[in-house]
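Student: Following this line is work17.cif, made up of mmCIF, C-alpha atoms:
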data_coords
loop_
_atom_site.label_atom_id
_atom_site.label_comp_id
_atom_site.auth_asym_id
_atom_site.auth_seq_id
_atom_site.Cartn_x
_atom_site.Cartn_y
_atom_site.Cartn_z
CA LEU A 290 82.81 125.66 136.96
CA LYS A 291 81.74 129.23 136.10
CA ASP A 292 83.89 129.14 132.97
CA LYS A 293 82.30 126.57 130.71
CA THR A 294 84.83 126.92 127.89
CA PRO A 295 86.70 123.66 128.61
CA ASN A 296 83.42 121.71 128.61
CA ILE A 297 82.32 123.29 125.36
CA THR A 298 85.68 122.44 123.80
CA LEU A 299 85.49 118.86 125.06
CA ASN A 300 81.95 118.50 123.72
CA LEU A 301 83.08 119.69 120.31
CA ILE A 302 85.94 117.20 120.35
CA TYR A 303 83.62 114.36 121.42
CA LYS A 304 81.18 115.31 118.66
CA HIS A 305 84.04 115.28 116.19
CA ILE A 306 85.15 111.81 117.35
CA LYS A 307 81.55 110.57 117.15
CA MET A 308 81.35 111.78 113.57
CA GLU A 309 84.70 110.24 112.72
CA ILE A 310 83.53 106.85 113.90
CA SER A 311 80.29 107.12 111.97
CA THR A 312 82.23 107.53 108.71
CA SER A 313 84.94 104.96 109.47
CA PHE A 314 85.77 101.49 108.21
CA VAL A 315 84.54 98.92 110.75
CA HIS A 316 86.34 95.56 110.95
CA HIS A 317 84.76 93.11 113.39
CA VAL A 318 86.13 89.61 113.92
CA PHE A 319 84.62 86.78 115.99
CA PHE A 320 86.75 83.81 117.06
CA TRP A 321 85.52 80.39 118.13
CA LEU A 322 88.31 78.55 119.96
CA ASN A 323 89.17 74.89 119.44
CA ASN A 324 89.15 74.55 123.22
CA PRO A 325 86.58 77.05 124.45
CA GLU A 326 87.02 75.82 128.03
CA SER A 327 90.76 76.48 128.06
CA LYS A 328 91.60 79.65 129.96
CA GLU A 329 95.19 79.37 128.67
CA ASP A 330 94.10 79.36 125.02
CA LEU A 331 91.82 82.34 125.63
CA GLU A 332 94.64 84.26 127.29
CA GLN A 333 97.03 83.36 124.47
CA LEU A 334 94.59 84.70 121.89
CA VAL A 335 93.99 87.89 123.88
CA ALA A 336 97.76 88.39 124.27
CA GLY A 337 98.09 87.99 120.50
CA LEU A 338 95.34 90.52 119.85
CA LYS A 339 97.02 92.97 122.22
CA THR A 340 100.17 92.88 120.05
CA LEU A 341 97.98 94.08 117.16
CA THR A 342 97.02 97.23 119.03
CA GLN A 343 100.51 98.57 118.28
CA ILE A 344 99.61 98.85 114.59
CA GLU A 345 99.22 102.56 114.06
CA GLU A 346 96.48 102.36 111.44
CA ILE A 347 94.08 101.11 114.15
CA GLN A 348 92.08 104.16 115.22
CA SER A 349 90.19 102.35 118.02
CA TYR A 350 89.81 98.77 119.14
CA HIS A 351 87.80 96.59 121.52
CA ILE A 352 88.65 93.09 122.72
CA GLY A 353 85.49 91.48 124.10
CA ILE A 354 83.70 88.39 125.26
CA PRO A 355 79.95 87.73 124.92
CA ALA A 356 77.85 90.01 127.12
CA ALA A 357 75.25 88.61 129.52
CA THR A 358 72.43 89.70 127.19
CA ASN A 359 70.15 86.88 126.10
CA ARG A 360 67.65 87.16 123.25
CA ALA A 361 66.91 84.80 120.34
CA VAL A 362 68.68 87.09 117.83
CA ILE A 363 71.91 87.29 119.85
CA ASP A 364 74.82 85.04 118.97
CA ALA A 365 76.84 84.56 122.17
CA SER A 366 78.55 81.34 121.06
CA TYR A 367 81.90 82.90 120.12
CA SER A 368 84.92 83.05 122.44
CA ILE A 369 86.44 86.44 121.60
CA SER A 370 85.32 89.50 119.66
CA TRP A 371 87.91 91.81 118.08
CA LEU A 372 86.57 95.15 116.84
CA ASN A 373 88.72 97.63 114.92
CA ILE A 374 87.88 101.09 113.69
CA PHE A 375 89.96 102.33 110.77
CA SER A 376 89.81 105.74 109.11
CA THR A 377 89.81 104.24 105.62
CA ALA A 378 89.61 100.95 103.73
CA GLU A 379 93.25 101.49 102.76
CA ASP A 380 94.27 101.56 106.43
CA GLN A 381 92.49 98.24 107.00
CA GLU A 382 94.39 96.74 104.06
CA LYS A 383 97.69 98.00 105.49
CA TYR A 384 96.74 96.36 108.79
CA GLN A 385 96.03 93.02 107.05
CA ASN A 386 99.50 93.05 105.49
CA HIS A 387 101.36 94.43 108.52
CA PRO A 388 104.16 92.14 109.82
CA ILE A 389 102.66 92.17 113.34
CA HIS A 390 99.32 90.98 111.93
CA LEU A 391 100.98 88.28 109.82
CA SER A 392 102.89 87.07 112.90
CA PHE A 393 99.67 87.02 114.91
CA VAL A 394 97.96 84.79 112.33
CA GLU A 395 100.97 82.48 112.20
CA ASN A 396 101.26 82.21 115.99
CA CYS A 397 97.60 82.07 116.96
CA SER A 398 95.56 80.55 114.11
CA SER A 399 95.92 77.05 115.59
CA LEU A 400 93.89 78.28 118.58
CA TRP A 401 90.63 78.80 116.70
CA LYS A 402 88.34 76.48 114.78
CA LYS A 403 86.26 79.23 113.19
CA VAL A 404 86.63 82.92 112.47
CA GLN A 405 83.89 85.17 111.15
CA VAL A 406 84.59 88.66 109.82
CA TYR A 407 82.26 91.57 109.07
CA ASP A 408 83.71 94.60 107.27
CA SER A 409 81.43 97.62 106.99
CA VAL A 410 81.78 100.97 105.27
CA VAL A 411 79.56 103.99 105.46
CA LEU A 412 76.60 103.99 103.06
CA LEU B 223 103.94 124.65 115.52
CA LYS B 224 106.72 125.58 117.96
CA ASP B 225 104.34 125.25 120.87
CA LYS B 226 103.34 121.59 120.94
CA THR B 227 101.00 121.88 123.92
CA PRO B 228 97.76 121.69 121.90
CA ASN B 229 98.94 118.55 120.11
CA ILE B 230 99.97 116.92 123.35
CA THR B 231 96.57 117.74 124.86
CA LEU B 232 94.77 116.39 121.79
CA ASN B 233 96.85 113.21 121.88
CA LEU B 234 95.96 112.69 125.52
CA ILE B 235 92.27 113.19 124.73
CA TYR B 236 92.44 110.80 121.77
CA LYS B 237 94.20 108.24 123.96
CA HIS B 238 91.47 108.67 126.56
CA ILE B 239 88.76 108.14 123.93
CA LYS B 240 90.63 105.09 122.59
CA MET B 241 90.70 103.62 126.07
CA GLU B 242 87.04 104.44 126.63
CA ILE B 243 86.07 102.49 123.54
CA SER B 244 88.27 99.57 124.56
CA THR B 245 86.33 99.21 127.83
CA SER B 246 82.86 99.84 126.37
CA PHE B 247 79.83 97.68 125.69
CA VAL B 248 79.75 96.86 121.96
CA HIS B 249 76.37 96.17 120.33
CA HIS B 250 76.58 95.14 116.68
CA VAL B 251 73.50 94.30 114.63
CA PHE B 252 73.35 92.91 111.08
CA PHE B 253 70.16 93.11 109.03
CA TRP B 254 69.22 91.00 106.02
CA LEU B 255 66.36 92.68 104.13
CA ASN B 256 63.36 90.83 102.73
CA ASN B 257 63.96 92.69 99.48
CA PRO B 258 67.72 93.22 99.32
CA GLU B 259 67.39 94.73 95.83
CA SER B 260 64.97 97.44 96.99
CA LYS B 261 66.68 100.80 97.36
CA GLU B 262 63.50 102.12 99.02
CA ASP B 263 63.55 99.45 101.74
CA LEU B 264 67.23 100.08 102.38
CA GLU B 265 66.62 103.82 102.68
CA GLN B 266 63.65 103.23 105.00
CA LEU B 267 65.78 101.07 107.30
CA VAL B 268 68.61 103.60 107.32
CA ALA B 269 66.14 106.42 108.08
CA GLY B 270 64.83 104.32 110.97
CA LEU B 271 68.35 103.71 112.31
CA LYS B 272 69.06 107.44 112.09
CA THR B 273 66.16 108.12 114.45
CA LEU B 274 67.93 105.89 117.00
CA THR B 275 71.00 108.12 116.99
CA GLN B 276 69.00 110.62 119.09
CA ILE B 277 69.08 108.19 122.02
CA GLU B 278 71.53 109.77 124.40
CA GLU B 279 72.93 106.52 125.83
CA ILE B 280 74.57 105.83 122.45
CA GLN B 281 78.19 106.95 122.82
CA SER B 282 79.12 106.29 119.17
CA TYR B 283 77.45 104.63 116.20
CA HIS B 284 78.16 103.45 112.68
CA ILE B 285 75.62 102.64 109.97
CA GLY B 286 77.31 100.56 107.29
CA ILE B 287 77.05 98.35 104.26
CA PRO B 288 79.42 95.47 103.37
CA ALA B 289 82.89 96.69 102.40
CA ALA B 290 84.51 95.62 99.14
CA THR B 291 86.83 93.23 101.02
CA ASN B 292 86.59 89.64 99.86
CA ARG B 293 88.06 86.69 101.78
CA ALA B 294 86.55 83.31 102.67
CA VAL B 295 86.07 84.32 106.33
CA ILE B 296 84.16 87.53 105.52
CA ASP B 297 80.37 87.53 105.60
CA ALA B 298 79.24 90.26 103.20
CA SER B 299 75.74 88.87 102.70
CA TYR B 300 73.94 91.30 105.02
CA SER B 301 72.23 94.50 103.86
CA ILE B 302 72.97 96.91 106.73
CA SER B 303 75.28 96.89 109.74
CA TRP B 304 74.39 98.92 112.86
CA LEU B 305 77.19 99.32 115.39
CA ASN B 306 76.66 100.98 118.77
CA ILE B 307 79.17 101.77 121.47
CA PHE B 308 77.72 102.15 124.98
CA SER B 309 79.57 103.08 128.14
CA THR B 310 77.90 100.32 130.15
CA ALA B 311 75.62 97.28 129.83
CA GLU B 312 72.96 99.32 131.69
CA ASP B 313 73.03 101.99 128.98
CA GLN B 314 72.47 99.33 126.32
CA GLU B 315 69.47 98.03 128.25
CA LYS B 316 68.04 101.56 128.51
CA TYR B 317 68.47 101.84 124.75
CA GLN B 318 66.59 98.56 124.16
CA ASN B 319 63.64 99.86 126.18
CA HIS B 320 63.74 103.43 124.87
CA PRO B 321 60.47 104.57 123.16
CA ILE B 322 62.39 105.59 120.02
CA HIS B 323 63.89 102.08 119.80
CA LEU B 324 60.52 100.40 120.37
CA SER B 325 58.98 102.59 117.62
CA PHE B 326 61.84 101.68 115.30
CA VAL B 327 61.23 97.95 115.78
CA GLU B 328 57.48 98.42 115.26
CA ASN B 329 57.92 100.53 112.12
CA CYS B 330 60.82 98.73 110.49
CA SER B 331 60.81 95.05 111.51
CA SER B 332 58.71 94.09 108.46
CA LEU B 333 61.66 95.17 106.29
CA TRP B 334 64.05 92.45 107.40
CA LYS B 335 63.96 88.66 107.19
CA LYS B 336 66.89 88.08 109.53
CA VAL B 337 68.70 90.01 112.23
CA GLN B 338 71.90 88.90 113.95
CA VAL B 339 73.21 90.56 117.09
CA TYR B 340 76.61 90.38 118.79
CA ASP B 341 76.98 92.00 122.22
CA SER B 342 80.52 92.18 123.61
CA VAL B 343 81.93 93.34 126.89
CA VAL B 344 85.50 93.80 127.97
CA LEU B 345 87.24 90.67 129.26
#
Could I get this file's structure written as structure tokens?
Tutor:
Amino acid sequence: LKDKTPNITLNLIYKHIKMEISTSFVHHVFFWLNNPESKEDLEQLVAGLKTLTQIEEIQSYHIGIPAATNRAVIDASYSISWLNIFSTAEDQEKYQNHPIHLSFVENCSSLWKKVQVYDSVVL
Amino acid sequence: LKDKTPNITLNLIYKHIKMEISTSFVHHVFFWLNNPESKEDLEQLVAGLKTLTQIEEIQSYHIGIPAATNRAVIDASYSISWLNIFSTAEDQEKYQNHPIHLSFVENCSSLWKKVQVYDSVVL
């Protein structure tokens, strides 16, 4: 613990990652299932999303469900949230056209009744 | 380049970060401005969001505008997107109650006509 070099290095790396995210392409998808009560359908969708994580253009991802937070401005009506961080808009386009993504849409799109996408780039 | 140790270490760290994000609390806010054509209002909101980045509970953030992507499922009608990654739900709650966040809401809430929040936790 006397030698703080590793911590300083780690902090620099974390700062670098933080900056990378702040300049990235953010792709956030919300799914509303046809059968929101079906645990099987939820698991099938999650399994499908997990296949997408193999796509190398994805820098970071998060598969989520609504948090327990509860304010008027919060939409917690969706079934699954799928967040992707890409380095560039081009990488997101490659992801859209990737065979694994096309298979996912073909295999899983019958599970959802609504999908809502927000794509954001740095100002 | 013969010694691959640094790359292996970096890859491990990146993998760790990737996993950290995949188990995080995701807080994503979309703002629709009262005057979406006003560059001044947009800049004022962005300046306000930048003050929030000082809050230490924020692990990573992204301030964005709609990307140029264009499909029926994409909502590109918002003015500004504000994405926060927290380690835990507790950290997000601390952020909500942080003086800098309360000042931001007081100073900037007149700028927007609608705000939409999605909070997601790992399944």
Student: Run the PyMOL selection byres ((chain B) within 6 of (chain A)) on the file and write out the hits as a VMD selection string.
Tutor: chain B and resid 240 244 282 to 284 286 to 289 295 to 297 338 to 345
Student: Chain A least-squares fit onto chain B, all C-alpha atoms in order: RMSD in Å?
Tutor: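 It is 0.2 Å.
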Student: Quick one: residues within 10 Å of Leu274 (chain B), only C-alpha atoms counted, chain neighbours fewer than 2 positions away excluded, as a PyMOL selection string?
Tutor: chain B and resi 268-272+276-278+280+283+317+320-326
Student: Tell me which of A:Thr342, A:Ser368, A:Thr298, A:Ser376 sits closest to Ser327 (chain A), counting only C-alpha atoms.
Tutor: A:Ser368
Student: Expressed in Å to a single decimal, how great is the separation between CA of Thr310 (chain B) and CA of Asn323 (chain A)?
Tutor: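 We find that CA of Thr310 (chain B) and CA of Asn323 (chain A) lie 29.8 Å from each other.
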Student: Counting only C-alpha atoms, what is within 7 Å of region 395-401 of chain A, bar same-chain residues fewer than 5 positions away, as a ChimeraX atom specification?
Tutor: /A:320-323,330,334,337
Student: Report, as AutoDock Vina command-line options, the centre and edge lengths in Å (one decimal) of the axis-aligned box enclosing every listed atom of region 339-347 of chain A, padded by 6 Å on each side.
Tutor:
--center_x 97.3 --center_y 97.7 --center_z 116.8 --size_x 18.4 --size_y 21.7 --size_z 22.8
Student: Provide chain B of the preceding structure as a file containing C-alpha atoms, as a short mmCIF file (atom, residue, chain, number, x, y, z; two decimals), in the first residue's frame.
Tutor:
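Final output, out_37.cif:
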data_model
loop_
_atom_site.label_atom_id
_atom_site.label_comp_id
_atom_site.auth_asym_id
_atom_site.auth_seq_id
_atom_site.Cartn_x
_atom_site.Cartn_y
_atom_site.Cartn_z
CA LEU B 223 5.19 -5.84 -29.09
CA LYS B 224 6.97 -9.11 -28.31
CA ASP B 225 5.98 -8.83 -24.68
CA LYS B 226 2.20 -9.07 -24.65
CA THR B 227 1.80 -8.69 -20.89
CA PRO B 228 0.58 -5.07 -20.97
CA ASN B 229 -2.07 -5.92 -23.57
CA ILE B 230 -3.24 -8.91 -21.59
CA THR B 231 -3.49 -6.77 -18.45
CA LEU B 232 -5.40 -4.06 -20.33
CA ASN B 233 -7.76 -6.65 -21.80
CA LEU B 234 -8.47 -8.00 -18.34
CA ILE B 235 -9.15 -4.49 -17.05
CA TYR B 236 -11.43 -3.71 -20.00
CA LYS B 237 -13.27 -6.98 -19.43
CA HIS B 238 -13.67 -6.05 -15.77
CA ILE B 239 -15.06 -2.63 -16.69
CA LYS B 240 -17.40 -4.24 -19.23
CA MET B 241 -18.71 -6.55 -16.54
CA GLU B 242 -19.05 -3.69 -14.08
CA ILE B 243 -21.27 -1.79 -16.49
CA SER B 244 -23.34 -4.90 -17.19
CA THR B 245 -24.22 -5.18 -13.48
CA SER B 246 -24.73 -1.45 -12.85
CA PHE B 247 -27.74 0.76 -12.21
CA VAL B 248 -28.61 2.58 -15.44
CA HIS B 249 -30.35 5.97 -15.20
CA HIS B 250 -31.33 7.46 -18.55
CA VAL B 251 -33.12 10.79 -18.85
CA PHE B 252 -34.56 12.41 -21.98
CA PHE B 253 -35.40 16.12 -22.06
CA TRP B 254 -37.75 17.90 -24.44
CA LEU B 255 -37.08 21.65 -24.34
CA ASN B 256 -39.79 24.30 -24.27
CA ASN B 257 -37.89 26.05 -27.05
CA PRO B 258 -36.24 23.27 -29.02
CA GLU B 259 -34.96 25.80 -31.59
CA SER B 260 -33.12 27.86 -28.97
CA LYS B 261 -29.39 27.21 -29.02
CA GLU B 262 -29.08 29.23 -25.79
CA ASP B 263 -31.56 27.03 -23.92
CA LEU B 264 -29.81 23.90 -25.15
CA GLU B 265 -26.44 25.25 -24.03
CA GLN B 266 -27.87 26.24 -20.64
CA LEU B 267 -29.23 22.72 -20.10
CA VAL B 268 -25.94 21.13 -21.16
CA ALA B 269 -24.01 23.48 -18.83
CA GLY B 270 -26.36 22.42 -16.02
CA LEU B 271 -25.81 18.72 -16.78
CA LYS B 272 -22.06 19.28 -16.77
CA THR B 273 -22.26 20.54 -13.18
CA LEU B 274 -23.79 17.16 -12.26
CA THR B 275 -20.72 15.30 -13.50
CA GLN B 276 -18.92 16.48 -10.33
CA ILE B 277 -21.15 14.19 -8.26
CA GLU B 278 -18.84 11.39 -7.25
CA GLU B 279 -21.47 8.63 -7.24
CA ILE B 280 -21.68 8.92 -11.05
CA GLN B 281 -19.49 6.12 -12.41
CA SER B 282 -19.90 7.13 -16.08
CA TYR B 283 -22.05 9.59 -17.99
CA HIS B 284 -23.02 10.59 -21.51
CA ILE B 285 -24.63 13.84 -22.63
CA GLY B 286 -26.13 13.34 -26.07
CA ILE B 287 -28.37 14.56 -28.84
CA PRO B 288 -30.38 12.35 -31.22
CA ALA B 289 -28.17 10.41 -33.64
CA ALA B 290 -28.75 10.55 -37.38
CA THR B 291 -30.27 7.04 -37.34
CA ASN B 292 -33.77 6.87 -38.73
CA ARG B 293 -36.09 3.87 -38.30
CA ALA B 294 -39.74 3.69 -37.27
CA VAL B 295 -38.87 2.40 -33.78
CA ILE B 296 -36.42 5.23 -33.02
CA ASP B 297 -37.60 8.23 -31.01
CA ALA B 298 -35.40 11.16 -32.06
CA SER B 299 -37.81 13.86 -30.91
CA TYR B 300 -36.02 14.73 -27.66
CA SER B 301 -33.53 17.59 -27.29
CA ILE B 302 -30.96 16.13 -24.88
CA SER B 303 -30.20 12.66 -23.51
CA TRP B 304 -28.49 12.28 -20.11
CA LEU B 305 -27.19 8.79 -19.33
CA ASN B 306 -25.71 7.88 -15.96
CA ILE B 307 -24.14 4.64 -14.83
CA PHE B 308 -24.16 4.04 -11.06
CA SER B 309 -22.63 1.13 -9.19
CA THR B 310 -25.74 0.65 -7.05
CA ALA B 311 -29.34 1.82 -6.61
CA GLU B 312 -28.20 3.52 -3.38
CA ASP B 313 -25.69 5.64 -5.30
CA GLN B 314 -28.44 6.77 -7.67
CA GLU B 315 -30.57 7.80 -4.70
CA LYS B 316 -27.65 9.77 -3.22
CA TYR B 317 -27.32 11.50 -6.59
CA GLN B 318 -31.03 12.42 -6.61
CA ASN B 319 -30.68 14.07 -3.20
CA HIS B 320 -27.27 15.67 -3.83
CA PRO B 321 -27.24 19.50 -3.44
CA ILE B 322 -25.73 19.91 -6.92
CA HIS B 323 -28.61 17.87 -8.40
CA LEU B 324 -31.24 19.81 -6.45
CA SER B 325 -29.69 23.10 -7.67
CA PHE B 326 -29.71 21.80 -11.22
CA VAL B 327 -33.44 21.01 -11.07
CA GLU B 328 -34.16 24.42 -9.52
CA ASN B 329 -32.08 26.32 -12.09
CA CYS B 330 -32.92 24.36 -15.22
CA SER B 331 -36.40 22.83 -14.91
CA SER B 332 -38.03 25.87 -16.56
CA LEU B 333 -36.13 24.96 -19.73
CA TRP B 334 -37.95 21.71 -20.42
CA LYS B 335 -41.58 20.86 -21.12
CA LYS B 336 -41.18 17.11 -20.72
CA VAL B 337 -38.73 14.75 -19.07
CA GLN B 338 -38.77 10.96 -19.41
CA VAL B 339 -36.72 8.69 -17.17
CA TYR B 340 -35.81 5.02 -17.50
CA ASP B 341 -34.08 3.34 -14.54
CA SER B 342 -32.79 -0.19 -15.14
CA VAL B 343 -31.19 -2.75 -12.91
CA VAL B 344 -29.62 -6.06 -13.75
CA LEU B 345 -32.03 -9.00 -14.01
#
